[in-house]
Every structure is written in C-alpha cells, then in structure tokens.
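Dropping run_3.tsv in here (TSV, C-alpha atoms):
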chain	number	residue	atom	x	y	z
A	1	MET	CA	0.00	0.00	0.00
A	2	GLY	CA	1.34	3.42	-0.94
A	3	GLU	CA	1.39	6.64	1.01
A	4	GLU	CA	-2.02	8.05	1.95
A	5	ILE	CA	-3.35	10.57	-0.57
A	6	LEU	CA	-5.43	13.62	0.32
A	7	ASN	CA	-8.06	14.53	-2.28
A	8	ILE	CA	-9.45	18.06	-2.28
A	9	ALA	CA	-12.12	19.84	-4.28
A	10	GLY	CA	-12.74	23.56	-4.10
A	11	TYR	CA	-14.21	26.43	-6.04
A	12	ARG	CA	-15.09	30.08	-5.78
A	13	PHE	CA	-17.15	32.29	-8.04
A	14	ILE	CA	-15.24	35.57	-8.13
A	15	ASP	CA	-14.25	38.01	-10.85
A	16	LEU	CA	-10.87	36.97	-12.30
A	17	PRO	CA	-10.02	39.40	-15.11
A	18	ASP	CA	-6.39	38.24	-14.82
A	19	ARG	CA	-7.11	34.53	-15.17
A	20	ASP	CA	-4.62	34.19	-18.07
A	21	ASP	CA	-1.82	35.47	-15.84
A	22	LEU	CA	-2.65	32.95	-13.10
A	23	ARG	CA	-2.15	29.86	-15.25
A	24	GLU	CA	1.64	29.58	-15.41
A	25	PRO	CA	2.30	30.27	-11.70
A	26	LEU	CA	-0.28	27.64	-10.78
A	27	LYS	CA	1.21	25.13	-13.23
A	28	GLU	CA	4.65	25.70	-11.74
A	29	LEU	CA	3.34	25.36	-8.19
A	30	CYS	CA	1.54	22.10	-8.98
A	31	ALA	CA	4.61	20.69	-10.71
A	32	LYS	CA	6.82	21.62	-7.76
A	33	LEU	CA	4.47	19.83	-5.37
A	34	ASP	CA	3.79	16.78	-7.59
A	35	LEU	CA	0.05	17.45	-7.56
A	36	MET	CA	-2.34	15.61	-9.86
A	37	GLY	CA	-5.80	16.72	-10.96
A	38	THR	CA	-7.38	19.70	-12.68
A	39	ILE	CA	-7.61	23.44	-12.06
A	40	LEU	CA	-10.09	25.44	-14.13
A	41	LEU	CA	-9.66	29.21	-14.41
A	42	SER	CA	-12.24	31.50	-15.96
A	43	PRO	CA	-13.30	35.14	-15.70
A	44	GLU	CA	-16.04	33.96	-13.31
A	45	GLY	CA	-13.78	32.10	-10.87
A	46	ILE	CA	-11.77	28.98	-10.03
A	47	ASN	CA	-12.68	25.30	-9.70
A	48	PHE	CA	-10.23	22.53	-8.83
A	49	PHE	CA	-9.89	18.84	-8.01
A	50	LEU	CA	-6.44	17.87	-6.73
A	51	ALA	CA	-4.70	14.98	-5.01
A	52	ALA	CA	-1.28	14.44	-3.42
A	53	THR	CA	0.22	13.65	-0.04
A	54	GLU	CA	-1.22	15.80	2.73
A	55	PRO	CA	1.81	18.08	3.32
A	56	LYS	CA	1.93	18.95	-0.38
A	57	ILE	CA	-1.80	19.65	-0.54
A	58	ARG	CA	-1.59	21.85	2.57
A	59	GLN	CA	1.29	23.79	1.04
A	60	PHE	CA	-0.68	24.31	-2.18
A	61	VAL	CA	-3.69	25.66	-0.29
A	62	SER	CA	-1.49	27.93	1.80
A	63	GLU	CA	0.14	29.44	-1.29
A	64	LEU	CA	-3.18	29.71	-3.16
A	65	GLU	CA	-4.73	31.63	-0.26
A	66	MET	CA	-1.96	34.22	-0.39
A	67	ASP	CA	-4.15	35.72	-3.11
A	68	GLU	CA	-6.86	37.35	-0.98
A	69	ARG	CA	-9.49	36.47	-3.57
A	70	PHE	CA	-9.03	32.82	-2.58
A	71	ALA	CA	-8.64	33.33	1.17
A	72	ASP	CA	-10.52	30.83	3.36
A	73	ILE	CA	-11.70	28.89	0.32
A	74	THR	CA	-13.99	26.00	1.29
A	75	LEU	CA	-12.59	22.54	0.56
A	76	LYS	CA	-14.06	19.06	0.35
A	77	GLU	CA	-11.52	16.53	1.59
A	78	SER	CA	-11.22	12.76	1.44
A	79	TYR	CA	-8.41	10.22	1.69
A	80	THR	CA	-7.46	7.33	-0.55
A	81	ASP	CA	-4.58	4.86	-0.58
A	82	TYR	CA	-3.98	5.56	-4.27
A	83	GLN	CA	-3.70	8.56	-6.61
A	84	PRO	CA	-7.11	8.97	-8.34
A	85	PHE	CA	-5.76	11.24	-11.11
A	86	ASN	CA	-3.15	10.43	-13.74
A	87	ARG	CA	-2.13	13.92	-14.87
A	88	MET	CA	-2.13	17.59	-13.88
A	89	ASN	CA	-4.02	20.15	-15.98
A	90	VAL	CA	-4.44	23.89	-15.48
A	91	ARG	CA	-7.00	24.97	-18.04
A	92	LEU	CA	-8.43	28.31	-19.15
A	93	LYS	CA	-12.17	28.30	-19.78
A	94	LYS	CA	-14.86	30.85	-20.50
A	95	GLU	CA	-16.87	29.48	-17.56
A	96	ILE	CA	-15.90	27.16	-14.73
A	97	ILE	CA	-19.37	25.62	-15.09
A	98	SER	CA	-20.40	25.88	-18.73
A	99	VAL	CA	-23.95	26.90	-19.52
A	100	GLY	CA	-23.51	29.54	-22.23
A	101	MET	CA	-25.43	32.37	-20.54
A	102	ASP	CA	-23.43	35.58	-20.29
A	103	ASP	CA	-26.03	37.31	-18.09
A	104	ILE	CA	-25.64	34.81	-15.23
A	105	GLN	CA	-23.08	35.99	-12.68
A	106	PRO	CA	-22.95	33.82	-9.54
A	107	ALA	CA	-20.35	36.15	-8.04
A	108	GLN	CA	-23.13	38.78	-7.88
A	109	PHE	CA	-26.23	36.81	-6.81
A	110	THR	CA	-27.23	33.21	-5.97
A	111	GLY	CA	-29.87	31.37	-3.99
A	112	ASP	CA	-29.58	31.20	-0.20
A	113	GLU	CA	-27.56	28.35	1.26
A	114	ILE	CA	-29.19	25.72	3.44
A	115	THR	CA	-26.97	23.63	5.70
A	116	PRO	CA	-27.13	19.83	5.55
A	117	THR	CA	-28.45	19.74	9.12
A	118	GLU	CA	-31.30	22.13	8.30
A	119	PHE	CA	-32.08	20.32	5.04
A	120	LYS	CA	-32.28	16.97	6.86
A	121	LYS	CA	-34.60	18.57	9.42
A	122	TRP	CA	-36.90	19.76	6.63
A	123	LEU	CA	-36.96	16.27	5.15
A	124	ASP	CA	-37.54	14.67	8.56
A	125	GLU	CA	-40.50	17.01	9.12
A	126	GLY	CA	-41.97	16.28	5.69
A	127	ARG	CA	-41.97	19.97	4.91
A	128	GLU	CA	-43.63	21.05	1.65
A	129	ILE	CA	-40.58	21.64	-0.52
A	130	ALA	CA	-39.35	20.62	-3.95
A	131	VAL	CA	-36.00	18.81	-3.99
A	132	LEU	CA	-34.19	19.31	-7.29
A	133	ASP	CA	-31.18	17.33	-8.50
A	134	ALA	CA	-29.02	19.62	-10.68
A	135	ARG	CA	-26.79	16.80	-11.92
A	136	ASN	CA	-26.79	14.82	-15.15
A	137	GLY	CA	-28.95	11.75	-15.63
A	138	TYR	CA	-26.10	9.24	-15.48
A	139	GLU	CA	-25.12	10.62	-12.06
A	140	LEU	CA	-28.64	10.22	-10.69
A	141	ARG	CA	-28.68	6.57	-11.67
A	142	VAL	CA	-25.89	5.95	-9.16
A	143	GLY	CA	-27.78	7.62	-6.31
A	144	THR	CA	-30.05	10.54	-5.38
A	145	PHE	CA	-32.24	11.96	-2.61
A	146	GLU	CA	-35.67	10.44	-2.08
A	147	ASN	CA	-38.37	12.01	-4.28
A	148	ALA	CA	-35.93	14.40	-5.97
A	149	ILE	CA	-36.88	15.94	-9.30
A	150	ASP	CA	-34.86	14.41	-12.14
A	151	LEU	CA	-34.44	16.91	-14.98
A	152	LYS	CA	-33.18	14.12	-17.26
A	153	ILE	CA	-30.37	16.27	-18.64
A	154	LYS	CA	-27.25	14.96	-20.34
A	155	SER	CA	-25.14	18.05	-19.62
A	156	PHE	CA	-25.44	21.16	-17.47
A	157	ARG	CA	-25.97	23.27	-20.60
A	158	GLN	CA	-29.46	21.75	-20.76
A	159	PHE	CA	-30.33	22.90	-17.23
A	160	PRO	CA	-31.95	26.28	-18.08
A	161	LYS	CA	-34.28	24.79	-20.68
A	162	ALA	CA	-35.15	21.88	-18.39
A	163	THR	CA	-36.21	24.11	-15.48
A	164	GLU	CA	-38.34	26.56	-17.49
A	165	PRO	CA	-41.42	24.24	-17.52
A	166	LEU	CA	-41.30	24.03	-13.71
A	167	LEU	CA	-41.84	27.77	-13.21
A	168	GLU	CA	-45.64	27.77	-13.35
A	169	GLU	CA	-45.96	25.03	-10.74
A	170	LEU	CA	-43.02	25.87	-8.47
A	171	GLU	CA	-42.55	29.65	-8.78
A	172	ASP	CA	-43.25	30.28	-5.07
A	173	THR	CA	-42.42	26.82	-3.69
A	174	PRO	CA	-39.26	26.44	-1.60
A	175	ILE	CA	-36.83	24.60	-3.89
A	176	VAL	CA	-33.73	22.95	-2.47
A	177	MET	CA	-31.27	22.01	-5.18
A	178	TYR	CA	-28.11	20.01	-4.87
A	179	CYS	CA	-25.16	18.66	-6.83
A	180	THR	CA	-21.99	16.76	-5.95
A	181	GLY	CA	-19.95	19.47	-4.23
A	182	GLY	CA	-21.98	22.66	-4.59
A	183	VAL	CA	-20.46	24.46	-7.58
A	184	ARG	CA	-23.16	23.58	-10.12
A	185	CYS	CA	-25.90	24.44	-7.63
A	186	GLU	CA	-24.47	27.87	-7.01
A	187	LYS	CA	-24.71	28.66	-10.71
A	188	ALA	CA	-28.00	26.78	-11.09
A	189	SER	CA	-29.60	28.83	-8.31
A	190	ALA	CA	-28.59	32.04	-10.08
A	191	ILE	CA	-30.15	30.71	-13.30
A	192	MET	CA	-33.44	29.86	-11.57
A	193	LEU	CA	-33.66	33.21	-9.81
A	194	ASN	CA	-33.10	34.84	-13.19
A	195	GLN	CA	-35.94	32.73	-14.60
A	196	GLY	CA	-38.36	34.01	-11.94
A	197	PHE	CA	-38.33	31.34	-9.23
A	198	LYS	CA	-38.81	33.13	-5.91
A	199	ASN	CA	-37.66	30.70	-3.21
A	200	VAL	CA	-34.45	28.94	-4.22
A	201	TYR	CA	-31.97	27.29	-1.86
A	202	GLN	CA	-28.68	25.53	-2.57
A	203	LEU	CA	-27.44	22.69	-0.36
A	204	LYS	CA	-24.25	23.94	1.27
A	205	GLY	CA	-21.35	21.68	0.37
A	206	GLY	CA	-23.48	19.58	-1.95
A	207	ILE	CA	-23.99	15.85	-1.51
A	208	LEU	CA	-20.47	15.30	-0.22
A	209	GLY	CA	-20.98	17.97	2.44
A	210	TYR	CA	-24.28	16.35	3.41
A	211	PHE	CA	-22.66	12.93	3.79
A	212	GLU	CA	-19.92	14.44	5.94
A	213	GLU	CA	-22.27	16.39	8.22
A	214	VAL	CA	-25.34	14.17	8.64
A	215	GLY	CA	-24.65	10.84	6.91
A	216	GLY	CA	-26.92	9.12	4.41
A	217	ALA	CA	-30.40	9.94	5.75
A	218	HIS	CA	-32.96	10.28	2.92
A	219	TRP	CA	-30.32	9.30	0.34
A	220	VAL	CA	-30.70	6.24	-1.90
A	221	GLY	CA	-27.60	4.68	-3.50
A	222	ASP	CA	-24.09	6.11	-3.81
A	223	CYS	CA	-22.74	9.43	-5.10
A	224	PHE	CA	-21.08	9.59	-8.51
A	225	VAL	CA	-17.72	11.38	-8.52
A	226	PHE	CA	-15.55	12.42	-11.45
A	227	ASP	CA	-12.38	10.43	-10.79
A	228	GLN	CA	-11.19	6.84	-10.64
A	229	ARG	CA	-13.28	6.19	-7.51
A	230	VAL	CA	-16.45	6.49	-9.71
A	231	SER	CA	-18.69	6.70	-6.65
A	232	VAL	CA	-18.56	7.24	-2.89
A	233	ASN	CA	-21.09	6.09	-0.32
A	234	PRO	CA	-22.57	7.93	2.67
Full structure transcribed into structure tokens:
Amino acid sequence: MGEEILNIAGYRFIDLPDRDDLREPLKELCAKLDLMGTILLSPEGINFFLAATEPKIRQFVSELEMDERFADITLKESYTDYQPFNRMNVRLKKEIISVGMDDIQPAQFTGDEITPTEFKKWLDEGREIAVLDARNGYELRVGTFENAIDLKIKSFRQFPKATEPLLEELEDTPIVMYCTGGVRCEKASAIMLNQGFKNVYQLKGGILGYFEEVGGAHWVGDCFVFDQRVSVNP
C-alpha cells in the first residue's frame, strides 16, 4: 500500500479578469508539489480537483490563499490509498461551469444556502418543498435523494431549458437544489432566480458535504464522482 493521498475539491465564483496570468504560476506550483488533478480558471472564478500527499496539498492551499481572492476557500476533503488522477491540468475556460449564458453571474447573486443539518430537518418534518437534482442523468442513476426531481439532462448546458417548464408550478415553492460538491448548484440557483423562481436554496457543500455532516439519511444509493473512484457512499 502506498502513502495516503489527500483529495481536495474547491471552487469560488469571483471576478478573475487576470485569469490568463494565473495559469503559469499555478502550473509551476503544482509541478513543484507533484500534484495531480485539474484546475479550471475562468473570468467567473476557479474550480479545482487535486490529489497528493497531505503536506503537499496543505502547502498548495497555503500558497493559493496568499491571493486574498481565494482566502478561506472552502474545501471538500477525502483520503485514498492511491492517486485517483493520472495527470495535472491547469485549463483556461470561458466558464468554470459551462452553460452559455453571459447574463448569469454567480459572483453577484445566488440562492440562499441551506446547511445539511437544516435540510435533513426539513426532510424529517416532511416539509412542503421541492427537492431538485441539478446533476446529469447518469449521475442520478448511481444515487439521489428520495423524491428528488430528475431533470433528465445529459449536460449542465441543458439545465436552463429543463427548469423553465417548472416555473408555473413551483414559482413560489421552496426549492432545495443540490449537486456533488456545490459548484453547479451555485450557478443553477442564479439561473433559476433569473428565470423568476422566488424561493431557491442551494445545499451547502453539496452531496459530499451532506454525507460528511449528517450521513446518508434520505439518500438512496451512492454518489457519482468524477475520478477513478467512480462513486462514494454515505
């Protein structure tokens, strides 16, 4: 068995007009620390999935947070006894979560966050809410929350069109949406507010944050993840 590997995922929607200038320093830092994974940089923010030994990951985070725009960035952490990534990429993209809508700016407005503990309480109470899965169909087949709305989308670009028909029925209904780690929901909540939905919440930390804080209550199956692990369970 090899050395224990720390896996981290993090993101932040924030204006990055200098994203092109950030690429090379980040590539050099990742190479120096032998990190594997992906960093996405766009004018709307940063999104990353990285893995290495814990000291190297901690050093990366420390150096990243020297840029005040990334200070105290929220991370999802897990450990494996193997390296789940086979290369290191630092990529420039138009959006960190692609949807093709220039008028959506999550750095400016998003739906309110609901903590996993509060969300579980709502589900325990049987509160009248709509639970919306913002992920792709193949992810839902691995696992999802009980009675969640399945938009049956193949990519996130289909999300805006898929939610439009729900407006008449759910315009004023409390809607709690979720995704794997939270980044898609943050953008999805901005899209739905822009569409006219009035009462939109995003699950803080996504499914992985829910598993970590309250376990697998009201969840059926496993959670699809985008690396060699394929899925994780509550």
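Proximity to Cys185 in chain A was assessed for A:Pro160, A:Gly111, A:Gly143, A:Gly45 counting all atoms listed in the file; the smallest distance is recorded for A:Gly111.
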(request) One decimal, Å: what's the distance from CA of Val61 in chain A over to CA of Tyr178 in chain A, could you say? (result)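 Those two atoms sit 25.5 Å apart.
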(message) Env of Phe13 in chain A: 10 Å cut, atoms = only C-alpha atoms, seq-sep filter 2 positions within chain, self excluded. Answer as a ChimeraX atom specification.
(response) /A:11,15-16,42-47,69-70,95-97,105-108,183,186-187
(request) Find, counting all atoms listed in the file, the residue in A:Ile191, A:Cys179, A:Val131, A:Ala52 that gets nearest to His218 in chain A. (result)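 So, comparing all the options, the nearest one is A:Val131.
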Distance table requested - range 29-55 of chain A against range 74-87 of chain A, cut-off 8 Å, all atoms listed in the file: one row per qualifying residue with the closest atom pair and its distance in Å to one decimal, ordered by chain and rising residue number, as CSV.
residue,atom,partner,partner_atom,distance
A:Met36,CA,A:Arg87,CA,5.3
A:Gly37,CA,A:Phe85,CA,5.5
A:Leu50,CA,A:Phe85,CA,8.0
A:Ala51,CA,A:Gln83,CA,6.7
A:Ala52,CA,A:Gln83,CA,7.1
(request) Go through A:Leu40, A:Leu132, A:Thr117, A:Tyr210 one by one, measure the shortest atom-to-atom distance of each to Lys93 in chain A using all atoms listed in the file, and give the residue with the smallest value. (result)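 Among the listed residues, the smallest separation from Lys93 in chain A belongs to A:Leu40.
Across the structure, CA of Ala9 in chain A and CA of Thr38 in chain A are spaced 9.6 Å apart.
Relative to CA of Met192 in chain A, CA of Phe159 in chain A is found at 9.5 Å.
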(request) Anything within 10 Å of (-34.7, 33.6, -14.6): list those residues as an MDAnalysis selection string, counting all atoms listed in the file and sticking to the file's coordinates. (result) chainID A and resid 104 160 163:164 167 189:198
Taking all listed atoms of range 17-25 of chain A, build the axis-aligned box, pad each of the six sides by 5 Å, then write its centre and edge lengths in Å to one decimal as AutoDock Vina command-line options.
--center_x -3.9 --center_y 34.5 --center_z -14.9 --size_x 22.3 --size_y 19.8 --size_z 16.4
(message) Need the shell around Glu128 in chain A: protein/DNA/RNA residues with any atom at most 10 Å away, counting all atoms listed in the file. Skip same-chain ones fewer than 4 positions apart. Format as a list of chain:residue names?
(response)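 What passes the distance filter is A:Trp122, A:Leu123, A:Thr173, A:Pro174, A:Ile175.
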Just C-alpha atoms for this one: save the residues we selected as a tab-separated table (two decimals), in the frame of the given file.
chain	number	residue	atom	x	y	z
A	122	TRP	CA	-36.90	19.76	6.63
A	123	LEU	CA	-36.96	16.27	5.15
A	173	THR	CA	-42.42	26.82	-3.69
A	174	PRO	CA	-39.26	26.44	-1.60
A	175	ILE	CA	-36.83	24.60	-3.89
(request) Excluding range 119-121 of chain A and any residue of its chain fewer than 4 positions from it, enumerate the residues within 12 Å of it, using all atoms listed in the file, and give them as JSON, numbers by chain. (result) {"A": [113, 114, 115, 125, 126, 127, 129, 130, 131, 145, 146, 174, 175, 176, 177, 178, 201, 202, 203, 204, 205, 206, 207, 209, 210, 211, 213, 214, 215, 216, 217, 218, 219]}
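Counting all atoms listed in the file and comparing A:Phe156, A:Arg58, A:Pro17, A:Phe48, the residue that lies closest to Lys94 in chain A is A:Pro17.
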(request) Identify which of the residues A:Ala148, A:Ala188, A:Asn199, A:Glu171 lies closest to Val220 in chain A, counting only C-alpha atoms when measuring atom-to-atom distances. (result) A:Ala148
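Those residues that approach Leu92 in chain A to within 9 Å, counting all atoms listed in the file, are Arg19, Asp20, Arg23, Ile39, Leu40, Leu41 and Ser42 of chain A; same-chain residues fewer than 5 positions away are not listed.
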Write out N, CA and C atoms for range 103-135 of chain A, as a PDB file, keeping the file's coordinate frame.
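Now in out.pdb:
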ATOM      1  N   ASP A 103     -25.376  36.431 -19.062  1.00  0.00           N
ATOM      2  CA  ASP A 103     -26.030  37.310 -18.090  1.00  0.00           C
ATOM      3  C   ASP A 103     -26.107  36.682 -16.696  1.00  0.00           C
ATOM      4  N   ILE A 104     -25.621  35.465 -16.540  1.00  0.00           N
ATOM      5  CA  ILE A 104     -25.640  34.810 -15.230  1.00  0.00           C
ATOM      6  C   ILE A 104     -24.293  35.010 -14.555  1.00  0.00           C
ATOM      7  N   GLN A 105     -24.309  35.671 -13.390  1.00  0.00           N
ATOM      8  CA  GLN A 105     -23.080  35.990 -12.680  1.00  0.00           C
ATOM      9  C   GLN A 105     -23.198  35.550 -11.212  1.00  0.00           C
ATOM     10  N   PRO A 106     -22.828  34.305 -10.919  1.00  0.00           N
ATOM     11  CA  PRO A 106     -22.950  33.820  -9.540  1.00  0.00           C
ATOM     12  C   PRO A 106     -22.151  34.624  -8.526  1.00  0.00           C
ATOM     13  N   ALA A 107     -21.111  35.321  -8.971  1.00  0.00           N
ATOM     14  CA  ALA A 107     -20.350  36.150  -8.040  1.00  0.00           C
ATOM     15  C   ALA A 107     -21.207  37.315  -7.524  1.00  0.00           C
ATOM     16  N   GLN A 108     -22.283  37.643  -8.241  1.00  0.00           N
ATOM     17  CA  GLN A 108     -23.130  38.780  -7.880  1.00  0.00           C
ATOM     18  C   GLN A 108     -24.389  38.356  -7.115  1.00  0.00           C
ATOM     19  N   PHE A 109     -25.026  37.241  -7.511  1.00  0.00           N
ATOM     20  CA  PHE A 109     -26.230  36.810  -6.810  1.00  0.00           C
ATOM     21  C   PHE A 109     -26.449  35.307  -7.005  1.00  0.00           C
ATOM     22  N   THR A 110     -26.881  34.634  -5.932  1.00  0.00           N
ATOM     23  CA  THR A 110     -27.230  33.210  -5.970  1.00  0.00           C
ATOM     24  C   THR A 110     -28.340  32.965  -4.964  1.00  0.00           C
ATOM     25  N   GLY A 111     -28.883  31.751  -4.988  1.00  0.00           N
ATOM     26  CA  GLY A 111     -29.870  31.370  -3.990  1.00  0.00           C
ATOM     27  C   GLY A 111     -29.239  31.241  -2.614  1.00  0.00           C
ATOM     28  N   ASP A 112     -30.071  31.345  -1.576  1.00  0.00           N
ATOM     29  CA  ASP A 112     -29.580  31.200  -0.200  1.00  0.00           C
ATOM     30  C   ASP A 112     -29.065  29.785   0.032  1.00  0.00           C
ATOM     31  N   GLU A 113     -28.057  29.668   0.877  1.00  0.00           N
ATOM     32  CA  GLU A 113     -27.560  28.350   1.260  1.00  0.00           C
ATOM     33  C   GLU A 113     -28.413  27.764   2.373  1.00  0.00           C
ATOM     34  N   ILE A 114     -28.580  26.448   2.332  1.00  0.00           N
ATOM     35  CA  ILE A 114     -29.190  25.720   3.440  1.00  0.00           C
ATOM     36  C   ILE A 114     -28.182  24.672   3.896  1.00  0.00           C
ATOM     37  N   THR A 115     -27.959  24.580   5.191  1.00  0.00           N
ATOM     38  CA  THR A 115     -26.970  23.630   5.700  1.00  0.00           C
ATOM     39  C   THR A 115     -27.526  22.208   5.599  1.00  0.00           C
ATOM     40  N   PRO A 116     -26.651  21.216   5.542  1.00  0.00           N
ATOM     41  CA  PRO A 116     -27.130  19.830   5.550  1.00  0.00           C
ATOM     42  C   PRO A 116     -28.013  19.511   6.747  1.00  0.00           C
ATOM     43  N   THR A 117     -27.655  20.015   7.919  1.00  0.00           N
ATOM     44  CA  THR A 117     -28.450  19.740   9.120  1.00  0.00           C
ATOM     45  C   THR A 117     -29.862  20.296   8.983  1.00  0.00           C
ATOM     46  N   GLU A 118     -29.982  21.519   8.475  1.00  0.00           N
ATOM     47  CA  GLU A 118     -31.300  22.130   8.300  1.00  0.00           C
ATOM     48  C   GLU A 118     -32.087  21.407   7.212  1.00  0.00           C
ATOM     49  N   PHE A 119     -31.417  21.043   6.125  1.00  0.00           N
ATOM     50  CA  PHE A 119     -32.080  20.320   5.040  1.00  0.00           C
ATOM     51  C   PHE A 119     -32.618  18.977   5.539  1.00  0.00           C
ATOM     52  N   LYS A 120     -31.818  18.244   6.299  1.00  0.00           N
ATOM     53  CA  LYS A 120     -32.280  16.970   6.860  1.00  0.00           C
ATOM     54  C   LYS A 120     -33.490  17.192   7.761  1.00  0.00           C
ATOM     55  N   LYS A 121     -33.467  18.263   8.541  1.00  0.00           N
ATOM     56  CA  LYS A 121     -34.600  18.570   9.420  1.00  0.00           C
ATOM     57  C   LYS A 121     -35.865  18.796   8.603  1.00  0.00           C
ATOM     58  N   TRP A 122     -35.745  19.536   7.503  1.00  0.00           N
ATOM     59  CA  TRP A 122     -36.900  19.760   6.630  1.00  0.00           C
ATOM     60  C   TRP A 122     -37.436  18.442   6.096  1.00  0.00           C
ATOM     61  N   LEU A 123     -36.541  17.564   5.676  1.00  0.00           N
ATOM     62  CA  LEU A 123     -36.960  16.270   5.150  1.00  0.00           C
ATOM     63  C   LEU A 123     -37.583  15.411   6.246  1.00  0.00           C
ATOM     64  N   ASP A 124     -36.990  15.425   7.434  1.00  0.00           N
ATOM     65  CA  ASP A 124     -37.540  14.670   8.560  1.00  0.00           C
ATOM     66  C   ASP A 124     -38.963  15.126   8.883  1.00  0.00           C
ATOM     67  N   GLU A 125     -39.196  16.432   8.790  1.00  0.00           N
ATOM     68  CA  GLU A 125     -40.500  17.010   9.120  1.00  0.00           C
ATOM     69  C   GLU A 125     -41.522  16.824   8.007  1.00  0.00           C
ATOM     70  N   GLY A 126     -41.063  16.398   6.831  1.00  0.00           N
ATOM     71  CA  GLY A 126     -41.970  16.280   5.690  1.00  0.00           C
ATOM     72  C   GLY A 126     -42.443  17.627   5.186  1.00  0.00           C
ATOM     73  N   ARG A 127     -41.603  18.620   5.319  1.00  0.00           N
ATOM     74  CA  ARG A 127     -41.970  19.970   4.910  1.00  0.00           C
ATOM     75  C   ARG A 127     -42.297  20.025   3.416  1.00  0.00           C
ATOM     76  N   GLU A 128     -43.207  20.909   3.054  1.00  0.00           N
ATOM     77  CA  GLU A 128     -43.630  21.050   1.650  1.00  0.00           C
ATOM     78  C   GLU A 128     -42.553  21.803   0.874  1.00  0.00           C
ATOM     79  N   ILE A 129     -41.648  21.063   0.298  1.00  0.00           N
ATOM     80  CA  ILE A 129     -40.580  21.640  -0.520  1.00  0.00           C
ATOM     81  C   ILE A 129     -40.420  20.804  -1.775  1.00  0.00           C
ATOM     82  N   ALA A 130     -39.753  21.378  -2.761  1.00  0.00           N
ATOM     83  CA  ALA A 130     -39.350  20.620  -3.950  1.00  0.00           C
ATOM     84  C   ALA A 130     -37.844  20.393  -3.848  1.00  0.00           C
ATOM     85  N   VAL A 131     -37.426  19.154  -4.021  1.00  0.00           N
ATOM     86  CA  VAL A 131     -36.000  18.810  -3.990  1.00  0.00           C
ATOM     87  C   VAL A 131     -35.565  18.562  -5.428  1.00  0.00           C
ATOM     88  N   LEU A 132     -34.578  19.322  -5.876  1.00  0.00           N
ATOM     89  CA  LEU A 132     -34.190  19.310  -7.290  1.00  0.00           C
ATOM     90  C   LEU A 132     -32.742  18.868  -7.447  1.00  0.00           C
ATOM     91  N   ASP A 133     -32.525  17.817  -8.210  1.00  0.00           N
ATOM     92  CA  ASP A 133     -31.180  17.330  -8.500  1.00  0.00           C
ATOM     93  C   ASP A 133     -30.659  18.065  -9.733  1.00  0.00           C
ATOM     94  N   ALA A 134     -29.568  18.818  -9.573  1.00  0.00           N
ATOM     95  CA  ALA A 134     -29.020  19.620 -10.680  1.00  0.00           C
ATOM     96  C   ALA A 134     -27.999  18.857 -11.507  1.00  0.00           C
ATOM     97  N   ARG A 135     -27.825  17.571 -11.234  1.00  0.00           N
ATOM     98  CA  ARG A 135     -26.790  16.800 -11.920  1.00  0.00           C
ATOM     99  C   ARG A 135     -27.330  16.146 -13.198  1.00  0.00           C
TER     100      ARG A 135
END
